[in-house]
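Novice: Take this structure first; my questions come after.
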Amino acid sequence: MAKFKPFHDFQKPLMGLTPESFLDYIDTVIPKDHLCRLVKQVVFSLDTESIEAKNSFLGQNTYHPKLMLSLLFYGYATGVRSSRKLEEKCISDHIFIYLMQCYTPDHRTISDFRKNNLKEIEKYFVEIVRIFNELGFTQVGKIYIDGTKIKGNASAKRTKDRAGFEKWLSAIQEEIATLMKEGEAIDKEEDDRYKTDEEEESLKKKLSNRNHLKTKIEEALKMMKEEDNNKVKVNLTDSDANHMKSGGSKDIRPGFNCQASVTKEGVIVAAEAVPEANDRSQLEPMIEQSESNTKEAVNEVAADSGYGSFSNYEYLDQKGIDGYVPDGYFQQYKSGEYNKEENRYHYTNFTYDSSTDSYICPEGKKITYWKTRKGKTKSRDWNHKVYRGRECGNCIKRSLCTKSKVRELLIHIHEPLLQEMRKKLLSEEGKLKYFARQYIIEPIFGHLKFNLGYRSFLLRGLEKVNAEYKLMCIGWNLKKMLAMGIKPAMI
């Protein structure tokens, strides 16, 4: 009785197959419900005329855009995005061979195709989102918004302020002067003027590197002077990357804030990488992009406290959107922190009297409207109603309430919207709707960053980073299609 399975001698002739017959063989090996078949069908349904128009009839024939898009989409869906790894996969992996139809592009071709078609990649993200809508597999009435920080392709050591760059520039200029002197000394000592030795070649290379670095530093300084801000920091490698904390790390590194808007089915309908570390200014753009991409109106949104602000509450109110967005102090309010004796004189414990537009303090004394204070800075807008106490002079509790002669309350004009939001989030229905956000959108970032390893970008510059982030989201949406039971024949 044989111990091992027999050798398949009939497979030896496979080495001599034509590409067509080899593809026929691979087609029998790949399961009918495999992701690559869906990717291929989706890509071949896209209009690639804009990319095709970039290629000329002159010279060597290039690879068809549909094949290259299939390669990128499937690669990003499975965690393979390096152009060199994709090149290797086109030789060794039968799935990639099937998608590329036995063609073997080199890494430079793959890299150039990706960076030369940034706008088209963003357009295809939208078109794939609309496939879900056309097939009736998702609705945009309810969305969940969140963001995650992804490290840029740049070193934190090259992030400096103006003073740092000026110091660095001075050091580089001194090094260049030293290298120039060394070069002159070598020239004088050379016996054969037409023969360049290794030492001189090394000096020329060092000098070239220093001059290039000097030019980059001068460009960064020029940009910072135009912004007229001594405190702003710029990264020399990627000037669009902003210094921000990534994940749970305490390290501040150059990176991007990657925003996503997701439906209740888990489909990413809007995505954008932005250099601003703060989420507050991203709620409105993500809602607008969601509506633009899907051509449907958003009527309900949930986001974490990073998006909580008076301007966002005003926007939701004006748009008639049912929002579930806590403010930065909601957890203290929810836990009863302000009800403790040490917080007795917190402004939330003052009772508002709408008939007289005044507040009653915990000691029963009236605080009346005094004036409206408006202002604007780069980080926030001021629009407060100021209320001032009239009976604080003889109050025995004044030292516990305020350090001033009288107590003043600065109440934002949209304070009623904040209180309404808190009340809604504390209701049973609000708790369930807000809690759903955690297991709908946050697992997406977990999958991208930890399962696929997308913790940093490969490309540099905001435009290229945005296209790469859209490729990540396209990969997620394609896998979501397969999980939702969408078949290639349905597209």
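To be explicit about the labels: the chains of the structure tokens are called A, B, and onward in the order shown, and within each one the residues are counted from 1, while ligands get numbers from 1 in the order they are shown.
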Give me the region 39-131 of chain A side of the contact with region 440-448 of chain A, cut-off 12 Å, one line per residue showing its nearest atom pair and distance in Å at one decimal, counting only C-alpha atoms, sorted by chain and residue number, as CSV.
Specialist:
```
residue,atom,partner,partner_atom,distance
A:Tyr76,CA,A:Leu448,CA,9.6
A:Ala77,CA,A:Leu448,CA,9.1
A:Thr78,CA,A:Leu448,CA,9.8
A:Gly79,CA,A:Leu448,CA,8.3
A:Val80,CA,A:Leu448,CA,11.8
```
Novice: For region 484-488 of chain A, list every protein, DNA or RNA residue within 12 Å, evaluated using only C-alpha atoms, and leave out those in the same chain fewer than 2 positions away; present the list as a PyMOL selection string.
Specialist: chain A and resi 32-45+131-132+134-138+265-267+477-482+490-491
Novice: Enumerate, as number ranges by chain, the complete set of residues in region 32-89 of chain A that a backbone-based DSSP assignment places in helix (DSSP H, G or I).
Specialist: A: 35-44, 49-52, 65-78, 83-89
Novice: Go ahead and compute the interatomic distance for CA of Ile97 (chain A) and CA of Ile121 (chain A), in Å to one decimal.
Specialist: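 Taking CA of Ile97 (chain A) and CA of Ile121 (chain A), their separation equals 22.0 Å.
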Novice: Tell me, as a PyMOL selection string, which residues lie within 6 Å of region 145-155 of chain A, counting only C-alpha atoms; anything in the same chain fewer than 3 positions away does not count.
Specialist: chain A and resi 158+237+246+254-261+303+455-458
Novice: Generate a file of the selected residues that holds N, CA and C atoms, formatted as a CSV table (one decimal), in the first residue's frame.
Specialist:
```
chain,number,residue,atom,x,y,z
A,158,ARG,N,12.9,65.3,11.2
A,158,ARG,CA,12.9,66.4,10.2
A,158,ARG,C,11.8,67.4,10.4
A,237,THR,N,10.7,66.4,4.8
A,237,THR,CA,10.4,65.3,3.8
A,237,THR,C,9.1,65.4,3.2
A,246,SER,N,-0.3,59.3,17.1
A,246,SER,CA,-0.8,58.2,16.3
A,246,SER,C,-1.2,57.1,17.3
A,254,PRO,N,5.0,63.0,12.3
A,254,PRO,CA,4.3,63.5,11.1
A,254,PRO,C,3.3,62.5,10.6
A,255,GLY,N,2.1,62.9,10.4
A,255,GLY,CA,1.1,62.0,9.9
A,255,GLY,C,-0.1,62.7,9.3
A,256,PHE,N,-1.2,61.9,9.1
A,256,PHE,CA,-2.4,62.5,8.5
A,256,PHE,C,-3.6,61.9,9.3
A,257,ASN,N,-4.7,62.8,9.4
A,257,ASN,CA,-5.9,62.4,10.1
A,257,ASN,C,-6.8,61.8,9.0
A,258,CYS,N,-7.1,60.5,9.0
A,258,CYS,CA,-7.8,59.8,8.0
A,258,CYS,C,-9.3,59.7,8.4
A,259,GLN,N,-10.2,60.4,7.8
A,259,GLN,CA,-11.6,60.4,8.1
A,259,GLN,C,-12.4,59.4,7.2
A,260,ALA,N,-13.4,58.9,7.8
A,260,ALA,CA,-14.3,58.0,7.1
A,260,ALA,C,-15.7,58.1,7.5
A,261,SER,N,-16.6,58.0,6.6
A,261,SER,CA,-18.1,58.0,6.8
A,261,SER,C,-18.6,56.7,6.4
A,303,ALA,N,-21.1,60.4,15.9
A,303,ALA,CA,-19.6,60.6,15.9
A,303,ALA,C,-19.2,60.7,17.3
A,455,ARG,N,-0.2,51.1,8.8
A,455,ARG,CA,0.0,52.0,9.9
A,455,ARG,C,0.8,53.2,9.4
A,456,SER,N,1.2,53.2,8.2
A,456,SER,CA,1.9,54.4,7.6
A,456,SER,C,1.7,54.4,6.1
A,457,PHE,N,1.8,55.6,5.5
A,457,PHE,CA,1.6,55.7,4.1
A,457,PHE,C,3.0,55.5,3.4
A,458,LEU,N,2.8,55.0,2.1
A,458,LEU,CA,4.0,54.9,1.3
A,458,LEU,C,4.3,56.1,0.5
```
Novice: If you run DSSP on the backbone, which residues of region 226-445 of chain A are strand (DSSP E or B), as a short mmCIF file (atom, residue, chain, number, x, y, z; two decimals) with N, CA and C atoms, in the first residue's frame?
Specialist:
```cif
data_model
loop_
_atom_site.label_atom_id
_atom_site.label_comp_id
_atom_site.auth_asym_id
_atom_site.auth_seq_id
_atom_site.Cartn_x
_atom_site.Cartn_y
_atom_site.Cartn_z
N VAL A 234 7.19 72.37 10.38
CA VAL A 234 7.07 71.78 9.04
C VAL A 234 8.03 70.62 8.95
N ASN A 235 7.59 69.54 8.26
CA ASN A 235 8.47 68.41 8.02
C ASN A 235 9.18 68.59 6.69
N ASN A 242 1.40 66.62 9.11
CA ASN A 242 1.35 67.43 10.34
C ASN A 242 1.75 66.57 11.52
N HIS A 243 2.39 67.18 12.53
CA HIS A 243 2.80 66.41 13.71
C HIS A 243 1.58 66.16 14.59
N MET A 244 1.34 64.87 14.87
CA MET A 244 0.16 64.46 15.65
C MET A 244 0.42 63.12 16.31
N LYS A 245 -0.34 62.85 17.35
CA LYS A 245 -0.23 61.56 18.03
C LYS A 245 -0.91 60.49 17.19
N ILE A 252 4.80 62.07 19.16
CA ILE A 252 4.19 62.96 18.16
C ILE A 252 5.00 62.83 16.88
N ARG A 253 4.35 62.33 15.83
CA ARG A 253 5.03 62.06 14.58
C ARG A 253 4.29 62.72 13.42
N PRO A 254 4.98 62.97 12.31
CA PRO A 254 4.28 63.52 11.14
C PRO A 254 3.31 62.50 10.57
N GLY A 255 2.08 62.92 10.35
CA GLY A 255 1.08 61.99 9.85
C GLY A 255 -0.14 62.72 9.33
N PHE A 256 -1.19 61.95 9.09
CA PHE A 256 -2.43 62.48 8.54
C PHE A 256 -3.62 61.95 9.33
N ASN A 257 -4.65 62.76 9.40
CA ASN A 257 -5.90 62.39 10.07
C ASN A 257 -6.83 61.83 9.01
N CYS A 258 -7.06 60.53 9.04
CA CYS A 258 -7.83 59.84 8.00
C CYS A 258 -9.28 59.69 8.43
N GLN A 259 -10.17 60.41 7.76
CA GLN A 259 -11.58 60.43 8.10
C GLN A 259 -12.36 59.43 7.25
N ALA A 260 -13.42 58.88 7.83
CA ALA A 260 -14.28 57.95 7.10
C ALA A 260 -15.73 58.12 7.53
N SER A 261 -16.62 58.00 6.58
CA SER A 261 -18.06 58.01 6.83
C SER A 261 -18.60 56.66 6.39
N VAL A 262 -19.28 55.97 7.30
CA VAL A 262 -19.68 54.58 7.07
C VAL A 262 -21.18 54.42 7.29
N THR A 263 -21.82 53.62 6.45
CA THR A 263 -23.24 53.32 6.62
C THR A 263 -23.41 52.23 7.68
N ILE A 268 -17.92 52.09 3.41
CA ILE A 268 -17.31 53.42 3.48
C ILE A 268 -17.82 54.23 2.30
N VAL A 269 -18.59 55.29 2.57
CA VAL A 269 -19.18 56.10 1.50
C VAL A 269 -18.45 57.43 1.31
N ALA A 270 -17.59 57.80 2.25
CA ALA A 270 -16.79 59.02 2.13
C ALA A 270 -15.50 58.82 2.88
N ALA A 271 -14.41 59.31 2.31
CA ALA A 271 -13.10 59.15 2.95
C ALA A 271 -12.21 60.32 2.55
N GLU A 272 -11.42 60.78 3.50
CA GLU A 272 -10.53 61.92 3.22
C GLU A 272 -9.39 61.92 4.24
N ALA A 273 -8.17 62.12 3.75
CA ALA A 273 -7.01 62.29 4.63
C ALA A 273 -6.72 63.78 4.72
N VAL A 274 -6.66 64.30 5.93
CA VAL A 274 -6.45 65.74 6.14
C VAL A 274 -5.26 65.94 7.07
N GLU A 300 -29.34 61.11 9.73
CA GLU A 300 -28.90 60.76 11.09
C GLU A 300 -27.40 60.49 11.07
N VAL A 301 -26.68 61.00 12.07
CA VAL A 301 -25.23 60.83 12.13
C VAL A 301 -24.80 60.62 13.57
N ALA A 302 -23.80 59.76 13.74
CA ALA A 302 -23.21 59.53 15.07
C ALA A 302 -21.69 59.66 14.94
N ALA A 303 -21.08 60.35 15.88
CA ALA A 303 -19.64 60.55 15.89
C ALA A 303 -19.18 60.72 17.33
N ASP A 322 -30.49 64.44 12.55
CA ASP A 322 -30.57 63.93 13.91
C ASP A 322 -29.18 63.45 14.32
N GLY A 323 -28.49 64.25 15.13
CA GLY A 323 -27.11 63.94 15.48
C GLY A 323 -26.96 63.34 16.86
N TYR A 324 -25.95 62.47 16.99
CA TYR A 324 -25.59 61.87 18.28
C TYR A 324 -24.08 62.07 18.44
N THR A 351 -29.59 77.49 37.33
CA THR A 351 -30.88 77.28 36.66
C THR A 351 -31.23 78.50 35.81
N TYR A 352 -31.59 78.23 34.55
CA TYR A 352 -31.91 79.32 33.62
C TYR A 352 -33.39 79.69 33.71
N ASP A 353 -33.66 80.98 33.75
CA ASP A 353 -35.03 81.51 33.76
C ASP A 353 -35.26 82.23 32.43
N SER A 358 -32.17 85.17 32.66
CA SER A 358 -31.22 85.23 33.76
C SER A 358 -31.02 83.84 34.35
N TYR A 359 -30.04 83.72 35.23
CA TYR A 359 -29.74 82.44 35.88
C TYR A 359 -29.90 82.60 37.38
N ILE A 360 -30.28 81.50 38.02
CA ILE A 360 -30.37 81.46 39.49
C ILE A 360 -29.27 80.55 39.99
N LYS A 366 -29.82 85.83 41.85
CA LYS A 366 -30.02 86.02 40.42
C LYS A 366 -28.74 86.54 39.75
N ILE A 367 -28.47 85.99 38.57
CA ILE A 367 -27.35 86.44 37.72
C ILE A 367 -27.97 86.87 36.40
N THR A 368 -27.90 88.13 36.09
CA THR A 368 -28.63 88.69 34.94
C THR A 368 -27.71 88.92 33.73
N TYR A 369 -28.36 89.05 32.58
CA TYR A 369 -27.62 89.29 31.33
C TYR A 369 -26.92 90.64 31.38
N TRP A 370 -25.65 90.64 30.95
CA TRP A 370 -24.86 91.87 30.97
C TRP A 370 -24.52 92.34 29.56
N LYS A 371 -23.89 91.46 28.75
CA LYS A 371 -23.51 91.84 27.39
C LYS A 371 -23.23 90.57 26.57
N THR A 372 -23.02 90.79 25.27
CA THR A 372 -22.62 89.70 24.37
C THR A 372 -21.18 89.91 23.95
N ARG A 373 -20.40 88.87 24.03
CA ARG A 373 -18.97 88.96 23.69
C ARG A 373 -18.71 88.09 22.46
N LYS A 374 -18.18 88.73 21.41
CA LYS A 374 -17.87 88.02 20.17
C LYS A 374 -16.39 88.15 19.85
N GLY A 375 -15.85 87.13 19.21
CA GLY A 375 -14.45 87.15 18.80
C GLY A 375 -14.12 85.94 17.96
N LYS A 376 -12.97 85.97 17.33
CA LYS A 376 -12.58 84.87 16.46
C LYS A 376 -11.07 84.70 16.49
N ASP A 381 -14.33 80.23 17.44
CA ASP A 381 -15.11 81.46 17.39
C ASP A 381 -15.72 81.71 18.76
N TRP A 382 -15.72 82.98 19.19
CA TRP A 382 -16.34 83.36 20.45
C TRP A 382 -17.68 84.03 20.15
N ASN A 383 -18.73 83.54 20.76
CA ASN A 383 -20.05 84.17 20.64
C ASN A 383 -20.83 83.83 21.91
N HIS A 384 -20.50 84.55 22.98
CA HIS A 384 -21.07 84.24 24.28
C HIS A 384 -21.97 85.37 24.79
N LYS A 385 -22.95 84.96 25.56
CA LYS A 385 -23.73 85.92 26.34
C LYS A 385 -23.13 85.92 27.75
N VAL A 386 -22.81 87.09 28.24
CA VAL A 386 -22.17 87.20 29.56
C VAL A 386 -23.24 87.60 30.58
N TYR A 387 -23.33 86.79 31.65
CA TYR A 387 -24.27 87.06 32.74
C TYR A 387 -23.45 87.41 33.98
N ARG A 388 -23.90 88.44 34.72
CA ARG A 388 -23.15 88.92 35.88
C ARG A 388 -24.05 88.97 37.12
N GLY A 389 -23.46 88.50 38.24
CA GLY A 389 -24.20 88.49 39.50
C GLY A 389 -24.42 89.89 40.06
N GLU A 408 -19.41 85.69 37.10
CA GLU A 408 -19.80 85.86 35.71
C GLU A 408 -19.96 84.50 35.05
N LEU A 409 -20.97 84.37 34.22
CA LEU A 409 -21.18 83.16 33.44
C LEU A 409 -21.04 83.51 31.96
N LEU A 410 -20.20 82.76 31.25
CA LEU A 410 -20.08 82.92 29.80
C LEU A 410 -20.84 81.76 29.15
N ILE A 411 -22.00 82.06 28.62
CA ILE A 411 -22.86 81.04 28.04
C ILE A 411 -22.90 81.21 26.52
N HIS A 412 -22.49 80.17 25.81
CA HIS A 412 -22.51 80.24 24.35
C HIS A 412 -23.94 80.37 23.86
#
```
Novice: Expressed in Å to a single decimal, how great is the separation between CA of Tyr144 (chain A) and CA of Glu127 (chain A)?
Specialist: 20.2 Å
Novice: Give me, as a ChimeraX atom specification, all polymer residues having an atom no more than 12 Å from Lys397 (chain A), counting only C-alpha atoms and skipping those fewer than 4 positions away in the same chain.
Specialist: /A:344-345,361-365,391-393,401-403,405-407
Novice: Excluding same-chain residues fewer than 4 positions from Val140 (chain A), what lies within 8 Å of it counting only C-alpha atoms, as a list in words?
Specialist: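 My list of contacting residues is Thr263, Ser290, Glu291, Thr294, Glu296, Ala297 and Val298 of chain A.
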Novice: State, in Å with one decimal place, the distance from CA of Asn312 (chain A) to CA of Leu432 (chain A).
Specialist: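 Separation between CA of Asn312 (chain A) and CA of Leu432 (chain A): 21.4 Å.
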